[in-house]
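Trainee: Quick one, work31.txt (compact mmCIF, C-alpha atoms):
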```txt
# COMPACT_ATOMS: atom_id res chain seq x y z
CA MET A 1 -128.38 -64.55 14.49
CA LEU A 2 -127.66 -67.43 12.12
CA GLU A 3 -123.96 -66.64 12.34
CA ASP A 4 -124.17 -66.79 16.16
CA CYS A 5 -125.80 -70.19 15.86
CA LYS A 6 -123.00 -71.41 13.57
CA ASN A 7 -120.35 -70.04 15.94
CA ALA A 8 -122.03 -71.70 18.90
CA LEU A 9 -122.00 -75.03 17.11
CA GLU A 10 -118.31 -74.66 16.29
CA ARG A 11 -117.44 -73.51 19.79
CA TRP A 12 -119.63 -75.85 21.84
CA GLY A 13 -119.76 -78.89 19.56
CA GLY A 14 -116.71 -80.13 21.47
CA VAL A 15 -118.63 -79.79 24.71
CA HIS A 16 -121.27 -82.09 23.31
CA SER A 17 -118.61 -84.72 22.50
CA LEU A 18 -117.11 -84.30 25.97
CA ILE A 19 -120.53 -84.82 27.56
CA ASP A 20 -121.16 -87.86 25.37
CA ARG A 21 -117.88 -89.44 26.49
CA TRP A 22 -118.72 -88.63 30.11
CA LEU A 23 -122.15 -90.23 29.80
CA ASP A 24 -120.45 -93.31 28.32
CA GLN A 25 -118.27 -93.34 31.46
CA ARG A 26 -121.47 -93.18 33.51
CA ARG A 27 -122.83 -96.20 31.65
CA SER A 28 -119.62 -98.18 32.32
CA LEU A 29 -119.76 -97.14 35.96
CA LEU A 30 -123.33 -98.37 36.26
CA VAL A 31 -122.49 -101.72 34.68
CA SER A 32 -119.63 -102.17 37.15
CA PHE A 33 -121.90 -101.08 40.00
CA ILE A 34 -124.57 -103.63 39.07
CA GLU A 35 -121.97 -106.39 38.77
CA LEU A 36 -120.56 -105.52 42.21
CA LYS A 37 -124.05 -105.43 43.73
CA GLU A 38 -124.86 -108.84 42.22
CA ALA A 39 -121.59 -110.22 43.58
CA CYS A 40 -122.48 -108.86 47.04
CA ASP A 41 -125.87 -110.53 46.85
CA ALA A 42 -124.37 -113.82 45.68
CA GLU A 43 -121.31 -114.32 47.88
CA LEU A 44 -119.86 -111.36 49.72
CA GLU A 45 -116.76 -113.17 50.99
CA ALA A 46 -115.76 -114.09 47.43
CA ILE A 47 -115.46 -110.47 46.28
CA SER A 48 -111.85 -109.62 45.58
CA LYS A 49 -110.13 -106.33 46.27
CA ALA A 50 -109.38 -106.15 42.54
CA ARG A 51 -113.11 -106.17 41.77
CA ILE A 52 -113.75 -103.39 44.29
CA ASP A 53 -110.75 -101.47 42.93
CA THR A 54 -112.10 -101.70 39.38
CA PHE A 55 -115.41 -100.23 40.48
CA SER A 56 -113.74 -97.61 42.67
CA GLU A 57 -111.45 -96.49 39.82
CA LEU A 58 -114.42 -96.08 37.48
CA LEU A 59 -116.25 -94.16 40.19
CA MET A 60 -113.31 -91.85 40.92
CA ASP A 61 -112.63 -91.28 37.20
CA TYR A 62 -116.27 -90.38 36.61
CA ILE A 63 -116.42 -87.99 39.58
CA SER A 64 -113.10 -86.41 38.61
CA ALA A 65 -114.17 -85.91 35.00
CA GLY A 66 -117.28 -84.13 36.23
CA HIS A 67 -115.44 -81.81 38.61
CA PHE A 68 -112.38 -81.05 36.49
CA GLU A 69 -113.66 -81.27 32.91
CA ILE A 70 -117.43 -81.17 32.53
CA TYR A 71 -118.60 -78.69 35.18
CA PRO A 72 -115.98 -76.03 34.32
CA GLN A 73 -116.70 -76.39 30.61
CA LEU A 74 -120.43 -76.02 31.19
CA ALA A 75 -119.82 -72.92 33.31
CA GLU A 76 -117.64 -71.44 30.57
CA GLU A 77 -120.41 -72.05 28.07
CA ALA A 78 -122.96 -70.30 30.29
CA LYS A 79 -120.55 -67.38 30.77
CA ALA A 80 -120.02 -67.11 27.03
CA PHE A 81 -123.78 -66.85 26.58
CA ASP A 82 -123.96 -64.36 29.48
CA ASP A 83 -126.45 -66.65 31.22
CA GLU A 84 -126.28 -65.44 34.83
CA SER A 85 -129.37 -67.38 35.94
CA ALA A 86 -127.79 -70.62 34.68
CA LEU A 87 -124.62 -69.86 36.62
CA GLN A 88 -126.62 -69.26 39.80
CA ILE A 89 -128.50 -72.52 39.34
CA ALA A 90 -125.21 -74.30 38.65
CA ALA A 91 -123.70 -73.00 41.89
CA LYS A 92 -126.62 -74.44 43.86
CA LEU A 93 -126.47 -77.77 42.03
CA LEU A 94 -122.71 -78.02 42.50
CA GLU A 95 -123.16 -77.47 46.23
CA ARG A 96 -125.54 -80.42 46.34
CA LEU A 97 -123.14 -82.52 44.24
CA GLU A 98 -120.47 -82.07 46.91
CA LEU A 99 -122.43 -84.37 49.24
CA SER A 100 -122.12 -87.33 46.90
CA THR A 101 -118.51 -86.44 46.12
CA ALA A 102 -117.70 -86.67 49.82
CA MET A 103 -119.50 -90.01 49.97
CA VAL A 104 -117.50 -91.37 47.02
CA LEU A 105 -114.22 -90.26 48.59
CA GLU A 106 -115.21 -91.95 51.85
CA PHE A 107 -116.02 -95.18 49.98
CA ASP A 108 -112.68 -95.07 48.16
CA GLU A 109 -110.87 -94.55 51.46
CA ASP A 110 -112.73 -97.42 53.17
CA PHE A 111 -111.51 -99.85 50.49
CA ALA A 112 -108.14 -98.26 49.64
CA SER A 113 -105.79 -100.89 51.06
CA PRO A 114 -106.04 -104.66 51.32
CA VAL A 115 -106.30 -104.40 55.11
CA ARG A 116 -109.04 -101.75 54.99
CA CYS A 117 -110.84 -103.71 52.30
CA GLN A 118 -110.83 -106.83 54.44
CA GLN A 119 -111.97 -104.88 57.52
CA ASN A 120 -114.80 -103.17 55.62
CA LEU A 121 -115.97 -106.01 53.37
CA VAL A 122 -118.90 -106.76 55.68
CA ARG A 123 -120.02 -103.12 55.19
CA LEU A 124 -119.94 -103.39 51.38
CA PRO A 125 -123.67 -104.20 50.96
CA ALA A 126 -124.59 -101.14 53.04
CA TRP A 127 -122.15 -99.09 50.96
CA ILE A 128 -123.79 -100.36 47.78
CA ASP A 129 -127.20 -99.24 49.02
CA ARG A 130 -125.84 -95.86 50.07
CA LEU A 131 -124.03 -95.39 46.75
CA ALA A 132 -127.16 -96.37 44.82
CA LYS A 133 -129.10 -93.54 46.44
CA GLY A 134 -126.27 -91.03 46.25
CA LEU A 135 -125.42 -91.76 42.64
CA ALA A 136 -129.07 -91.64 41.55
CA GLU A 137 -129.33 -88.15 43.05
CA ARG A 138 -125.97 -87.16 41.57
CA PHE A 139 -126.96 -88.27 38.07
CA ALA A 140 -130.23 -86.33 38.32
CA LEU A 141 -128.36 -83.19 39.42
CA GLU A 142 -125.79 -83.60 36.66
CA ASP A 143 -128.55 -84.04 34.11
CA GLN A 144 -130.04 -80.76 35.35
CA LEU A 145 -126.65 -79.08 34.92
CA ILE A 146 -126.36 -80.35 31.38
CA ALA A 147 -129.91 -79.29 30.55
CA ARG A 148 -129.53 -75.82 32.03
CA LEU A 149 -125.94 -74.97 31.13
CA HIS A 150 -125.51 -76.77 27.82
CA ALA A 151 -128.73 -77.86 26.19
CA ALA A 152 -130.25 -74.40 26.69
CA HIS A 153 -127.42 -72.98 24.55
CA SER A 154 -127.35 -75.67 21.90
CA PRO A 155 -127.81 -74.53 18.30
CA GLN A 156 -131.25 -76.16 18.21
CA GLN A 157 -132.37 -73.93 21.10
CA ILE A 158 -130.91 -70.74 19.66
CA LYS A 159 -133.45 -69.65 17.11
CA SER A 160 -132.89 -67.18 14.32
CA PRO A 161 -135.53 -64.53 13.57
CA ALA A 162 -138.11 -65.54 10.98
```
Would you write out, as structure tokens, the structure that this file holds?
Mentor:
Amino acid sequence: MLEDCKNALERWGGVHSLIDRWLDQRRSLLVSFIELKEACDAELEAISKARIDTFSELLMDYISAGHFEIYPQLAEEAKAFDDESALQIAAKLLERLELSTAMVLEFDEDFASPVRCQQNLVRLPAWIDRLAKGLAERFALEDQLIARLHAAHSPQQIKSPA
């Protein structure tokens, strides 16, 4: 059992680093989100497309990292531990995550070009409110994924017989 624990650490220690980097991305995203919200509250017309693009890029990078790096890696970890219940829970959580992914893609599309950005600038405060709710739910769901598919298999959780 101790050997299994050591192997898990070697195998999944990289997952932990990947998750840490992803959570750092989340923190950067939130800082950018708060700055954009404050700018909306202060003077909406003064917000540049570049500022919206910076936020949108962080948002898209974060969402992409989740879908193409983190979620598959977490699923692989659960498979390696033969944790069918975790995989079933993950499938349900991923379904719910699709709602906020669609919302993020819609936001990115609304502000993709200078013309669209100008046309939709008046809607930015409503978008900020909508994103705040959607991202809060997304982060909670992602935290559940991490807890169920990764933390449950961490070496600290895998106990050797006494």
Trainee: With 9 Å as the threshold, what does the neighbourhood of (-131.8, -105.2, 48.0) contain in terms of residues, counting all atoms listed in the file? Coordinates are those of the file; answer as a list in words.
Mentor: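 The distance filter leaves exactly Lys37, Asp41, Pro125 and Asp129 of chain A.
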Trainee: What gap, in Å, lies between CA of Gln144 in chain A and CA of Glu109 in chain A?
Mentor: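 Computing it gives 28.6 Å between the two atoms.
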Trainee: Have a look at A:Leu94, A:Phe68, A:Ser17, A:Ile128 and name the one nearest to Leu36 in chain A; count all atoms listed in the file.
Mentor: A:Ile128
Trainee: Figure out the distance between CA of Ala42 in chain A and CA of Pro114 in chain A, please, to one decimal in Å.
Mentor: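 According to the coordinates, CA of Pro114 in chain A and CA of Ala42 in chain A are separated by 21.3 Å.
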Trainee: I'd like the contact shell of Leu121 in chain A - 12 Å cut-off, all atoms listed in the file, skipping same-chain residues fewer than 3 positions apart - returned as a ChimeraX atom specification.
Mentor: /A:40,43-49,51-52,107,110-118,124-128
Trainee: So, counting only C-alpha atoms, which residue among A:Asn120, A:Ala102, A:Arg96, A:Ala50 is closest to Ala140 in chain A?
Mentor: A:Arg96
Trainee: When you count only C-alpha atoms, which of these residues is closest to Leu131 in chain A: A:Leu145, A:Ile70, A:Leu59, A:Ala91?
Mentor: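 Counting only C-alpha atoms, the residue closest to Leu131 in chain A is A:Leu59.
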Trainee: Using Å and a single decimal, report how far CA of Ser56 in chain A sits from CA of Trp22 in chain A.
Mentor: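 Interatomic distance, CA of Trp22 in chain A to CA of Ser56 in chain A: 16.2 Å.
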Trainee: Any idea what's packed within 12 Å of Leu149 in chain A, counting only C-alpha atoms, ignoring anything in its chain fewer than 2 positions away? Could you give it as number ranges by chain?
Mentor: A: 12, 15-16, 19, 70-91, 93, 141-147, 151-154, 157
Trainee: Out of A:Met103, A:Leu18, A:Ala132, A:Ala39, which residue has the shortest atom-to-atom distance to Ala65 in chain A when counting all atoms listed in the file?
Mentor: A:Leu18
Trainee: Can you save range 30-67 of chain A of the given block to a file, including N, CA and C atoms and formatted as an mmCIF file, in the first residue's frame?
Mentor:
```
data_model
loop_
_atom_site.group_PDB
_atom_site.id
_atom_site.type_symbol
_atom_site.label_atom_id
_atom_site.label_comp_id
_atom_site.auth_asym_id
_atom_site.auth_seq_id
_atom_site.Cartn_x
_atom_site.Cartn_y
_atom_site.Cartn_z
ATOM 1 N N LEU A 30 -9.819 36.738 -12.130
ATOM 2 C CA LEU A 30 -10.658 37.471 -11.184
ATOM 3 C C LEU A 30 -10.173 38.906 -10.988
ATOM 4 N N VAL A 31 -8.873 39.103 -10.948
ATOM 5 C CA VAL A 31 -8.329 40.460 -10.833
ATOM 6 C C VAL A 31 -8.751 41.288 -12.043
ATOM 7 N N SER A 32 -8.602 40.708 -13.230
ATOM 8 C CA SER A 32 -9.001 41.413 -14.454
ATOM 9 C C SER A 32 -10.501 41.683 -14.459
ATOM 10 N N PHE A 33 -11.286 40.724 -13.993
ATOM 11 C CA PHE A 33 -12.735 40.875 -13.923
ATOM 12 C C PHE A 33 -13.111 42.045 -13.002
ATOM 13 N N ILE A 34 -12.503 42.096 -11.844
ATOM 14 C CA ILE A 34 -12.792 43.171 -10.884
ATOM 15 C C ILE A 34 -12.406 44.527 -11.463
ATOM 16 N N GLU A 35 -11.254 44.579 -12.121
ATOM 17 C CA GLU A 35 -10.821 45.843 -12.733
ATOM 18 C C GLU A 35 -11.799 46.293 -13.823
ATOM 19 N N LEU A 36 -12.283 45.345 -14.619
ATOM 20 C CA LEU A 36 -13.242 45.680 -15.673
ATOM 21 C C LEU A 36 -14.569 46.131 -15.067
ATOM 22 N N LYS A 37 -15.005 45.466 -14.028
ATOM 23 C CA LYS A 37 -16.246 45.854 -13.349
ATOM 24 C C LYS A 37 -16.116 47.266 -12.769
ATOM 25 N N GLU A 38 -14.997 47.544 -12.132
ATOM 26 C CA GLU A 38 -14.780 48.889 -11.572
ATOM 27 C C GLU A 38 -14.763 49.938 -12.667
ATOM 28 N N ALA A 39 -14.160 49.611 -13.809
ATOM 29 C CA ALA A 39 -14.142 50.545 -14.935
ATOM 30 C C ALA A 39 -15.558 50.782 -15.462
ATOM 31 N N CYS A 40 -16.364 49.735 -15.505
ATOM 32 C CA CYS A 40 -17.775 49.876 -15.928
ATOM 33 C C CYS A 40 -18.518 50.806 -14.974
ATOM 34 N N ASP A 41 -18.287 50.624 -13.700
ATOM 35 C CA ASP A 41 -18.958 51.442 -12.697
ATOM 36 C C ASP A 41 -18.506 52.899 -12.750
ATOM 37 N N ALA A 42 -17.239 53.101 -13.101
ATOM 38 C CA ALA A 42 -16.687 54.455 -13.114
ATOM 39 C C ALA A 42 -17.088 55.236 -14.365
ATOM 40 N N GLU A 43 -16.723 54.689 -15.539
ATOM 41 C CA GLU A 43 -17.016 55.409 -16.784
ATOM 42 C C GLU A 43 -17.042 54.421 -17.949
ATOM 43 N N LEU A 44 -18.201 53.914 -18.220
ATOM 44 C CA LEU A 44 -18.394 52.879 -19.229
ATOM 45 C C LEU A 44 -17.831 53.279 -20.591
ATOM 46 N N GLU A 45 -18.109 54.497 -21.015
ATOM 47 C CA GLU A 45 -17.688 54.940 -22.350
ATOM 48 C C GLU A 45 -16.172 55.004 -22.502
ATOM 49 N N ALA A 46 -15.450 55.049 -21.390
ATOM 50 C CA ALA A 46 -13.992 55.153 -21.453
ATOM 51 C C ALA A 46 -13.304 53.789 -21.561
ATOM 52 N N ILE A 47 -14.065 52.721 -21.485
ATOM 53 C CA ILE A 47 -13.464 51.385 -21.550
ATOM 54 C C ILE A 47 -13.050 51.087 -22.991
ATOM 55 N N SER A 48 -11.792 50.726 -23.133
ATOM 56 C CA SER A 48 -11.264 50.452 -24.472
ATOM 57 C C SER A 48 -11.489 48.986 -24.856
ATOM 58 N N LYS A 49 -11.474 48.745 -26.149
ATOM 59 C CA LYS A 49 -11.571 47.377 -26.639
ATOM 60 C C LYS A 49 -10.385 46.572 -26.135
ATOM 61 N N ALA A 50 -9.229 47.183 -26.041
ATOM 62 C CA ALA A 50 -8.035 46.481 -25.559
ATOM 63 C C ALA A 50 -8.247 45.958 -24.137
ATOM 64 N N ARG A 51 -8.906 46.734 -23.318
ATOM 65 C CA ARG A 51 -9.168 46.304 -21.935
ATOM 66 C C ARG A 51 -10.132 45.115 -21.925
ATOM 67 N N ILE A 52 -11.158 45.186 -22.743
ATOM 68 C CA ILE A 52 -12.105 44.071 -22.845
ATOM 69 C C ILE A 52 -11.402 42.845 -23.413
ATOM 70 N N ASP A 53 -10.554 43.060 -24.424
ATOM 71 C CA ASP A 53 -9.808 41.948 -25.028
ATOM 72 C C ASP A 53 -8.897 41.263 -24.013
ATOM 73 N N THR A 54 -8.246 42.039 -23.173
ATOM 74 C CA THR A 54 -7.364 41.466 -22.148
ATOM 75 C C THR A 54 -8.155 40.540 -21.233
ATOM 76 N N PHE A 55 -9.300 41.026 -20.773
ATOM 77 C CA PHE A 55 -10.153 40.204 -19.924
ATOM 78 C C PHE A 55 -10.646 38.977 -20.687
ATOM 79 N N SER A 56 -11.116 39.171 -21.892
ATOM 80 C CA SER A 56 -11.667 38.078 -22.684
ATOM 81 C C SER A 56 -10.610 37.006 -22.962
ATOM 82 N N GLU A 57 -9.388 37.417 -23.228
ATOM 83 C CA GLU A 57 -8.301 36.455 -23.467
ATOM 84 C C GLU A 57 -8.029 35.627 -22.217
ATOM 85 N N LEU A 58 -7.981 36.285 -21.060
ATOM 86 C CA LEU A 58 -7.783 35.557 -19.804
ATOM 87 C C LEU A 58 -8.927 34.572 -19.575
ATOM 88 N N LEU A 59 -10.133 35.023 -19.848
ATOM 89 C CA LEU A 59 -11.318 34.192 -19.674
ATOM 90 C C LEU A 59 -11.261 32.974 -20.601
ATOM 91 N N MET A 60 -10.980 33.193 -21.857
ATOM 92 C CA MET A 60 -10.917 32.093 -22.829
ATOM 93 C C MET A 60 -9.764 31.132 -22.510
ATOM 94 N N ASP A 61 -8.618 31.677 -22.108
ATOM 95 C CA ASP A 61 -7.484 30.819 -21.738
ATOM 96 C C ASP A 61 -7.826 29.944 -20.543
ATOM 97 N N TYR A 62 -8.499 30.525 -19.561
ATOM 98 C CA TYR A 62 -8.883 29.781 -18.363
ATOM 99 C C TYR A 62 -9.866 28.664 -18.718
ATOM 100 N N ILE A 63 -10.894 29.002 -19.473
ATOM 101 C CA ILE A 63 -11.909 28.017 -19.872
ATOM 102 C C ILE A 63 -11.261 26.907 -20.706
ATOM 103 N N SER A 64 -10.405 27.287 -21.635
ATOM 104 C CA SER A 64 -9.733 26.308 -22.490
ATOM 105 C C SER A 64 -8.841 25.376 -21.678
ATOM 106 N N ALA A 65 -8.093 25.930 -20.743
ATOM 107 C CA ALA A 65 -7.230 25.100 -19.903
ATOM 108 C C ALA A 65 -8.065 24.074 -19.138
ATOM 109 N N GLY A 66 -9.201 24.497 -18.646
ATOM 110 C CA GLY A 66 -10.080 23.564 -17.944
ATOM 111 C C GLY A 66 -10.529 22.432 -18.849
ATOM 112 N N HIS A 67 -11.057 22.789 -20.010
ATOM 113 C CA HIS A 67 -11.627 21.780 -20.913
ATOM 114 C C HIS A 67 -10.580 20.873 -21.545
#
```
